>>> print(open('entry02.txt').read())   # compact mmCIF, C-alpha atoms
# COMPACT_ATOMS: atom_id res chain seq x y z
CA MET A 252 -35.97 -23.17 37.45
CA SER A 253 -38.24 -20.82 35.51
CA VAL A 254 -35.44 -18.89 33.80
CA LYS A 255 -33.20 -20.47 31.15
CA LEU A 256 -29.55 -20.87 32.00
CA GLU A 257 -28.53 -19.03 28.80
CA LEU A 258 -30.14 -15.82 30.07
CA TYR A 259 -28.02 -15.96 33.20
CA ARG A 260 -24.90 -16.47 31.10
CA VAL A 261 -25.69 -13.29 29.16
CA PHE A 262 -26.54 -11.45 32.39
CA LYS A 263 -23.21 -12.43 33.97
CA GLU A 264 -21.22 -11.25 30.95
CA VAL A 265 -22.99 -7.87 30.80
CA ALA A 266 -22.55 -7.40 34.55
CA GLU A 267 -18.81 -8.06 34.32
CA VAL A 268 -18.00 -5.91 31.27
CA GLY A 269 -20.61 -3.17 31.96
CA ASN A 270 -21.35 -2.75 28.28
CA ILE A 271 -23.88 -4.47 26.02
CA THR A 272 -21.78 -4.12 22.88
CA ALA A 273 -18.69 -5.59 24.55
CA ALA A 274 -20.76 -8.41 26.01
CA ALA A 275 -22.19 -9.24 22.57
CA GLN A 276 -18.68 -9.43 21.13
CA ALA A 277 -17.48 -11.68 23.95
CA LEU A 278 -20.48 -14.00 23.55
CA TYR A 279 -20.35 -14.00 19.72
CA ILE A 280 -23.98 -12.94 19.46
CA SER A 281 -25.65 -9.75 18.27
CA GLN A 282 -26.08 -6.66 20.43
CA SER A 283 -29.83 -6.96 19.89
CA ALA A 284 -29.79 -10.53 21.22
CA VAL A 285 -28.01 -9.39 24.37
CA SER A 286 -30.50 -6.57 24.93
CA GLN A 287 -33.46 -8.89 24.39
CA SER A 288 -32.00 -11.46 26.81
CA ILE A 289 -31.60 -8.83 29.54
CA LYS A 290 -35.15 -7.55 28.98
CA GLN A 291 -36.55 -11.09 29.12
CA LEU A 292 -34.64 -11.85 32.33
CA GLU A 293 -35.94 -8.67 33.93
CA ARG A 294 -39.51 -9.55 32.86
CA ASP A 295 -39.23 -13.09 34.18
CA LEU A 296 -37.80 -11.95 37.51
CA GLN A 297 -39.99 -8.82 37.63
CA THR A 298 -36.95 -6.82 38.69
CA ARG A 299 -34.80 -4.14 37.08
CA LEU A 300 -31.26 -5.47 36.95
CA PHE A 301 -29.29 -2.75 35.11
CA ALA A 302 -29.24 1.02 35.01
CA ARG A 303 -27.79 2.91 32.05
CA ASN A 304 -24.86 5.28 32.52
CA SER A 305 -22.49 7.24 30.30
CA ARG A 306 -20.17 4.28 29.79
CA GLY A 307 -22.81 1.60 29.33
CA VAL A 308 -24.76 -0.14 32.08
CA SER A 309 -24.30 -0.83 35.79
CA LEU A 310 -26.00 -3.21 38.15
CA THR A 311 -28.85 -2.09 40.35
CA ALA A 312 -28.86 -3.19 43.98
CA GLU A 313 -31.10 -6.12 43.04
CA GLY A 314 -28.89 -6.89 40.05
CA GLN A 315 -25.78 -6.88 42.24
CA MET A 316 -27.37 -9.34 44.65
CA LEU A 317 -28.40 -11.65 41.80
CA TYR A 318 -24.95 -11.39 40.21
CA GLU A 319 -23.21 -12.77 43.32
CA TYR A 320 -25.34 -15.92 43.15
CA VAL A 321 -25.07 -16.26 39.37
CA ARG A 322 -21.28 -15.91 39.48
CA SER A 323 -21.06 -18.60 42.16
CA ALA A 324 -23.42 -20.94 40.28
CA MET A 325 -21.61 -20.49 36.96
CA GLY A 326 -18.30 -21.11 38.69
CA LEU A 327 -19.61 -24.37 40.12
CA LEU A 328 -20.88 -25.44 36.71
CA GLU A 329 -17.54 -24.67 35.09
CA THR A 330 -15.76 -26.61 37.85
CA GLY A 331 -18.12 -29.51 37.31
CA GLU A 332 -17.43 -29.53 33.57
CA GLU A 333 -13.69 -29.40 34.22
CA LYS A 334 -13.87 -32.27 36.73
CA LEU A 335 -15.94 -34.28 34.26
CA SER A 336 -13.33 -33.69 31.58
CA GLN A 337 -10.60 -34.81 33.97
CA THR A 338 -12.61 -37.93 34.76
CA ARG A 339 -12.94 -38.78 31.07
CA GLU A 340 -9.20 -38.33 30.68
CA LEU A 341 -8.56 -40.47 33.80
CA GLN A 342 -6.92 -37.55 35.58
CA MET A 343 -9.31 -38.19 38.47
CA GLY A 344 -12.27 -40.40 39.31
CA GLN A 345 -13.27 -43.49 41.24
CA LEU A 346 -13.51 -47.16 40.37
CA THR A 347 -15.59 -49.40 42.64
CA ILE A 348 -15.22 -53.16 42.29
CA GLY A 349 -17.15 -55.92 44.02
CA ALA A 350 -15.31 -59.19 44.61
CA SER A 351 -14.66 -61.74 47.32
CA ASP A 352 -11.45 -61.47 49.32
CA THR A 353 -10.26 -64.70 47.71
CA VAL A 354 -10.88 -63.54 44.14
CA THR A 355 -9.21 -60.23 44.95
CA SER A 356 -6.08 -61.84 46.39
CA GLN A 357 -5.87 -64.79 43.97
CA PHE A 358 -6.80 -63.04 40.72
CA LEU A 359 -7.31 -59.28 40.86
CA LEU A 360 -4.18 -58.07 42.66
CA PRO A 361 -1.83 -57.94 39.64
CA TYR A 362 -4.51 -56.16 37.56
CA LEU A 363 -5.15 -53.64 40.33
CA ASP A 364 -1.43 -53.06 40.77
CA GLU A 365 -0.82 -52.41 37.07
CA PHE A 366 -3.92 -50.24 36.68
CA HIS A 367 -2.94 -48.13 39.69
CA LYS A 368 0.56 -47.61 38.28
CA GLU A 369 -0.88 -46.40 34.96
CA HIS A 370 -3.66 -44.28 36.50
CA PRO A 371 -2.59 -43.25 40.01
CA ALA A 372 -5.21 -40.47 40.17
CA ILE A 373 -8.07 -42.98 40.07
CA HIS A 374 -9.31 -43.91 43.54
CA ILE A 375 -9.98 -47.65 43.69
CA GLN A 376 -12.47 -49.08 46.17
CA ILE A 377 -12.98 -52.81 46.68
CA ILE A 378 -16.24 -53.93 48.29
CA SER A 379 -15.83 -57.47 49.54
CA GLY A 380 -18.57 -60.06 49.28
CA ARG A 381 -19.61 -63.41 47.88
CA SER A 382 -21.01 -63.71 44.38
CA HIS A 383 -24.67 -63.09 45.25
CA LYS A 384 -23.77 -59.97 47.24
CA VAL A 385 -21.52 -58.31 44.67
CA LEU A 386 -24.01 -59.06 41.87
CA GLY A 387 -26.69 -57.34 43.94
CA LEU A 388 -24.39 -54.36 44.41
CA LEU A 389 -23.78 -54.25 40.66
CA ARG A 390 -27.48 -54.30 39.82
CA SER A 391 -28.16 -51.54 42.37
CA GLY A 392 -25.38 -49.36 40.95
CA LYS A 393 -23.17 -49.48 44.05
CA VAL A 394 -20.23 -51.06 42.21
CA ASP A 395 -19.01 -50.50 38.65
CA ILE A 396 -17.77 -54.05 38.08
CA ALA A 397 -18.44 -57.33 39.88
CA PHE A 398 -16.33 -60.48 39.81
CA ALA A 399 -18.55 -63.46 40.55
CA SER A 400 -19.27 -67.05 39.66
CA THR A 401 -21.48 -67.17 36.59
CA PRO A 402 -24.98 -66.26 37.88
CA SER A 403 -28.08 -68.28 37.07
CA ASP A 404 -29.88 -65.07 36.08
CA THR A 405 -27.80 -63.32 33.42
CA SER A 406 -30.47 -60.85 32.31
CA SER A 407 -29.15 -57.28 31.95
CA LEU A 408 -25.57 -58.52 32.44
CA LEU A 409 -22.49 -58.71 30.26
CA LEU A 410 -20.19 -61.56 31.31
CA TYR A 411 -16.50 -62.01 30.53
CA PRO A 412 -15.05 -65.34 31.75
CA CYS A 413 -11.84 -64.84 33.74
CA PHE A 414 -10.87 -68.26 35.08
CA ASP A 415 -12.35 -71.66 35.92
CA THR A 416 -12.62 -73.12 39.40
CA HIS A 417 -12.84 -76.77 40.43
CA ALA A 418 -14.43 -78.19 43.57
CA ILE A 419 -12.39 -80.88 45.33
CA PHE A 420 -12.23 -82.57 48.74
CA VAL A 421 -9.18 -82.29 50.94
CA ALA A 422 -7.98 -83.25 54.40
CA GLY A 423 -4.98 -82.58 56.58
CA ALA A 424 -1.93 -84.71 55.85
CA GLY A 425 -2.39 -86.55 59.15
CA TYR A 426 -6.12 -87.20 58.79
CA PRO A 427 -7.06 -90.91 59.24
CA CYS A 428 -8.12 -91.71 55.69
CA ASP A 429 -6.53 -93.56 52.80
CA PHE A 430 -5.15 -90.96 50.40
CA ASP A 431 -4.38 -93.72 47.89
CA HIS A 432 -8.01 -94.83 47.79
CA THR A 433 -10.42 -93.51 45.16
CA TYR A 434 -13.57 -92.41 46.95
CA THR A 435 -17.14 -92.62 45.65
CA LEU A 436 -19.81 -89.98 46.14
CA GLU A 437 -21.32 -92.06 48.94
CA GLU A 438 -17.98 -92.40 50.73
CA ILE A 439 -17.30 -88.68 50.52
CA ALA A 440 -20.78 -87.87 51.85
CA ALA A 441 -20.15 -90.17 54.83
CA PHE A 442 -17.07 -88.24 56.04
CA PRO A 443 -17.32 -85.56 58.74
CA LEU A 444 -17.56 -82.73 56.23
CA ILE A 445 -16.41 -79.13 56.63
CA LEU A 446 -18.18 -76.78 54.20
CA LEU A 447 -18.79 -73.09 53.72
CA GLU A 448 -22.11 -71.71 54.90
CA ARG A 449 -25.08 -72.27 52.59
CA LYS A 450 -25.22 -68.74 51.20
CA ALA A 451 -21.84 -69.33 49.53
CA SER A 452 -22.38 -70.05 45.83
CA SER A 453 -19.66 -72.74 45.86
CA ARG A 454 -21.48 -74.57 48.68
CA LEU A 455 -24.80 -74.43 46.81
CA TYR A 456 -23.12 -75.68 43.65
CA LEU A 457 -21.59 -78.61 45.54
CA GLU A 458 -24.91 -79.51 47.14
CA ARG A 459 -26.72 -79.41 43.80
CA PHE A 460 -24.18 -81.79 42.28
CA PHE A 461 -24.68 -84.33 45.08
CA LEU A 462 -28.47 -83.97 44.98
CA GLN A 463 -28.43 -84.63 41.25
CA ASN A 464 -26.74 -87.90 42.11
CA GLY A 465 -29.26 -88.80 44.81
CA LEU A 466 -27.23 -87.75 47.86
CA LYS A 467 -27.67 -85.02 50.44
CA LEU A 468 -24.69 -83.43 52.15
CA ASN A 469 -24.90 -83.02 55.92
CA PRO A 470 -21.77 -81.15 56.99
CA GLU A 471 -20.51 -81.45 60.53
CA ILE A 472 -19.07 -77.93 60.44
CA GLU A 473 -20.26 -74.91 58.43
CA LEU A 474 -18.13 -71.78 58.23
CA GLY A 475 -18.34 -68.29 56.84
CA ALA A 476 -14.61 -67.85 56.22
CA ARG A 477 -12.75 -69.86 53.58
CA SER A 478 -9.44 -69.50 55.45
CA LEU A 479 -10.91 -70.99 58.63
CA LEU A 480 -12.30 -73.93 56.65
CA VAL A 481 -8.78 -74.67 55.40
CA ASP A 482 -7.30 -74.28 58.89
CA LEU A 483 -9.75 -76.75 60.46
CA ALA A 484 -9.20 -79.28 57.69
CA ALA A 485 -5.43 -78.95 58.10
CA ILE A 486 -5.55 -79.84 61.82
CA GLY A 487 -7.77 -82.88 61.25
CA PHE A 488 -11.34 -81.77 61.98
CA GLY A 489 -12.67 -83.53 58.86
CA VAL A 490 -12.79 -83.50 55.08
CA ALA A 491 -13.33 -80.09 53.51
CA GLY A 492 -14.99 -79.18 50.24
CA VAL A 493 -12.81 -76.44 48.73
CA THR A 494 -11.97 -74.69 45.49
CA GLU A 495 -8.76 -76.20 44.16
CA GLU A 496 -7.46 -72.95 42.64
CA PHE A 497 -7.70 -71.22 46.03
CA VAL A 498 -5.80 -73.83 48.07
CA ARG A 499 -2.88 -74.54 45.72
CA LYS A 500 -0.27 -73.26 48.16
CA ASP A 501 -1.63 -75.53 50.90
CA LEU A 502 -1.60 -78.51 48.53
CA GLU A 503 1.91 -77.76 47.30
CA SER A 504 3.24 -77.37 50.84
CA GLY A 505 1.62 -80.63 51.94
CA ARG A 506 -0.52 -78.93 54.55
CA LEU A 507 -3.56 -80.34 52.74
CA LYS A 508 -3.90 -83.44 50.62
CA LYS A 509 -6.45 -84.00 47.88
CA LEU A 510 -8.70 -87.02 48.04
CA HIS A 511 -8.99 -89.01 44.81
CA THR A 512 -12.57 -89.52 43.66
CA THR A 513 -14.47 -91.62 41.15
CA PHE A 514 -16.32 -88.49 40.05
CA GLU A 515 -15.39 -85.04 38.80
CA ILE A 516 -17.50 -82.01 39.62
CA PRO A 517 -17.95 -79.77 36.53
CA ALA A 518 -15.85 -76.62 36.55
CA ARG A 519 -17.37 -73.21 37.28
CA SER A 520 -16.39 -69.89 35.75
CA VAL A 521 -15.55 -66.71 37.64
CA ASP A 522 -16.68 -63.87 35.40
CA MET A 523 -16.18 -60.14 35.16
CA CYS A 524 -19.77 -58.88 35.25
CA LEU A 525 -21.07 -55.56 33.91
CA LEU A 526 -24.53 -54.08 33.45
CA SER A 527 -25.49 -54.31 29.79
CA ASP A 528 -27.81 -51.29 29.75
CA VAL A 529 -25.76 -48.79 31.77
CA PRO A 530 -22.83 -46.80 30.32
CA GLN A 531 -19.56 -47.33 32.14
CA SER A 532 -17.52 -44.57 33.70
CA ALA A 533 -14.23 -43.83 31.98
CA ALA A 534 -12.31 -45.53 34.80
CA ALA A 535 -14.50 -48.66 34.71
CA GLU A 536 -14.29 -48.84 30.93
CA ARG A 537 -10.50 -48.60 31.06
CA PHE A 538 -10.18 -51.26 33.76
CA THR A 539 -12.56 -53.58 31.91
CA SER A 540 -10.52 -53.22 28.71
CA PHE A 541 -7.33 -53.73 30.69
CA VAL A 542 -8.54 -57.06 32.11
CA LYS A 543 -9.96 -58.27 28.78
CA ASP A 544 -6.76 -57.39 26.92
CA SER A 545 -4.64 -59.16 29.53
CA LEU A 546 -6.80 -62.29 29.45
CA SER A 547 -6.69 -62.43 25.65
CA LYS A 548 -2.88 -62.63 25.79
CA GLN A 549 -2.83 -65.59 28.15
>>> encode(input="entry02.txt", output="structure tokens")
Amino acid sequence: MSVKLELYRVFKEVAEVGNITAAAQALYISQSAVSQSIKQLERDLQTRLFARNSRGVSLTAEGQMLYEYVRSAMGLLETGEEKLSQTRELQMGQLTIGASDTVTSQFLLPYLDEFHKEHPAIHIQIISGRSHKVLGLLRSGKVDIAFASTPSDTSSLLLYPCFDTHAIFVAGAGYPCDFDHTYTLEEIAAFPLILLERKASSRLYLERFFLQNGLKLNPEIELGARSLLVDLAAIGFGVAGVTEEFVRKDLESGRLKKLHTTFEIPARSVDMCLLSDVPQSAAAERFTSFVKDSLSKQ
């Protein structure tokens, strides 16, 4: 745009009051400044915008046409400023979170419920995905906050640990194994294993642990859905590698039983992840603080 926005603001005021002196008073600037602004606008646009009359000034035909557009544009700008103010005050806005279905149901639900009660005008969107997906969405700006297992590449990220997870092996209560026996790595690897597909970060973490101990896992069944993995283990299809925190109800009900092992796989952290070099929206900042404050009280 070749003309400064301030000139249009002066033009709009003069057009509406029809008097340069009155416009100067309304804008808290001098009469001379108003006159010079109108002259500059007319020079820049190479068009006469006002004609003098006994009461002040009136718009020419060209000025009237321009005024309709300027009034509409200024109105949109004022609306935008008002909406932005409402967003800052959490009277409106959107919060987009990336998290797996399991993390959402097992961890986020109470935080989402409480946040929604406090700020009902904020539209909350959850984009479901495994850790690598939601971290990619965060880095591309498609989500405000991601909940993921601690990434190997933490550059440009701020991480706030939320809870630890532990990998264990389970089977259905009727599976033909000795639940009183303490199994070695080799014995576990020899079972018909049911694991998540390889793009799942928990599967990769499990495989790395076994490889570090000289063993390669060759699952008999690989699945994309955690719930289906649990279902197949429960009806006796094999031994499943699962996250203990996500199958507690099945363990407590006896639907699944944990196998004792001679080894313990190091815990992993599920973190709240933010971009370190990008300012948060008011809604994201409030939700982040809400989660951090709640975790600090636990």
>>> closest_residue(input="entry02.txt", among="A:Leu507, A:Ala372, A:Leu363, A:Leu278", to="Val261 (chain A)", atoms="all atoms listed in the file")
A:Leu278
>>> atom_distance(input="entry02.txt", atom1="CA of Leu457 (chain A)", atom2="CA of His432 (chain A)")
21.3 Å
>>> closest_atom_pairs(input="entry02.txt", of="region 304-375 of chain A", to="region 474-487 of chain A", cutoff="12 Å", atoms="all atoms listed in the file", output="JSON lines")
{"residue": "A:Ser351", "atom": "CA", "partner": "A:Arg477", "partner_atom": "CA", "distance": 10.4}
{"residue": "A:Asp352", "atom": "CA", "partner": "A:Arg477", "partner_atom": "CA", "distance": 9.5}
{"residue": "A:Thr353", "atom": "CA", "partner": "A:Arg477", "partner_atom": "CA", "distance": 8.2}
{"residue": "A:Val354", "atom": "CA", "partner": "A:Arg477", "partner_atom": "CA", "distance": 11.5}
>>> write_last_selection(input="entry02.txt", atoms="C-alpha atoms", output="short mmCIF file (atom, residue, chain, number, x, y, z; two decimals), in the frame of the given file")
data_model
loop_
_atom_site.label_atom_id
_atom_site.label_comp_id
_atom_site.auth_asym_id
_atom_site.auth_seq_id
_atom_site.Cartn_x
_atom_site.Cartn_y
_atom_site.Cartn_z
CA SER A 351 -14.66 -61.74 47.32
CA ASP A 352 -11.45 -61.47 49.32
CA THR A 353 -10.26 -64.70 47.71
CA VAL A 354 -10.88 -63.54 44.14
#
>>> residues_around(input="entry02.txt", residues="Ser391 (chain A)", least_positions_apart="6", cutoff="12 Å", atoms="all atoms listed in the file", output="ChimeraX atom specification")
/A:349,384-385,397,407,525-526,529
>>> closest_residue(input="entry02.txt", among="A:Ala418, A:Ala491, A:Leu409, A:Thr539", to="Leu444 (chain A)", atoms="all atoms listed in the file")
A:Ala491
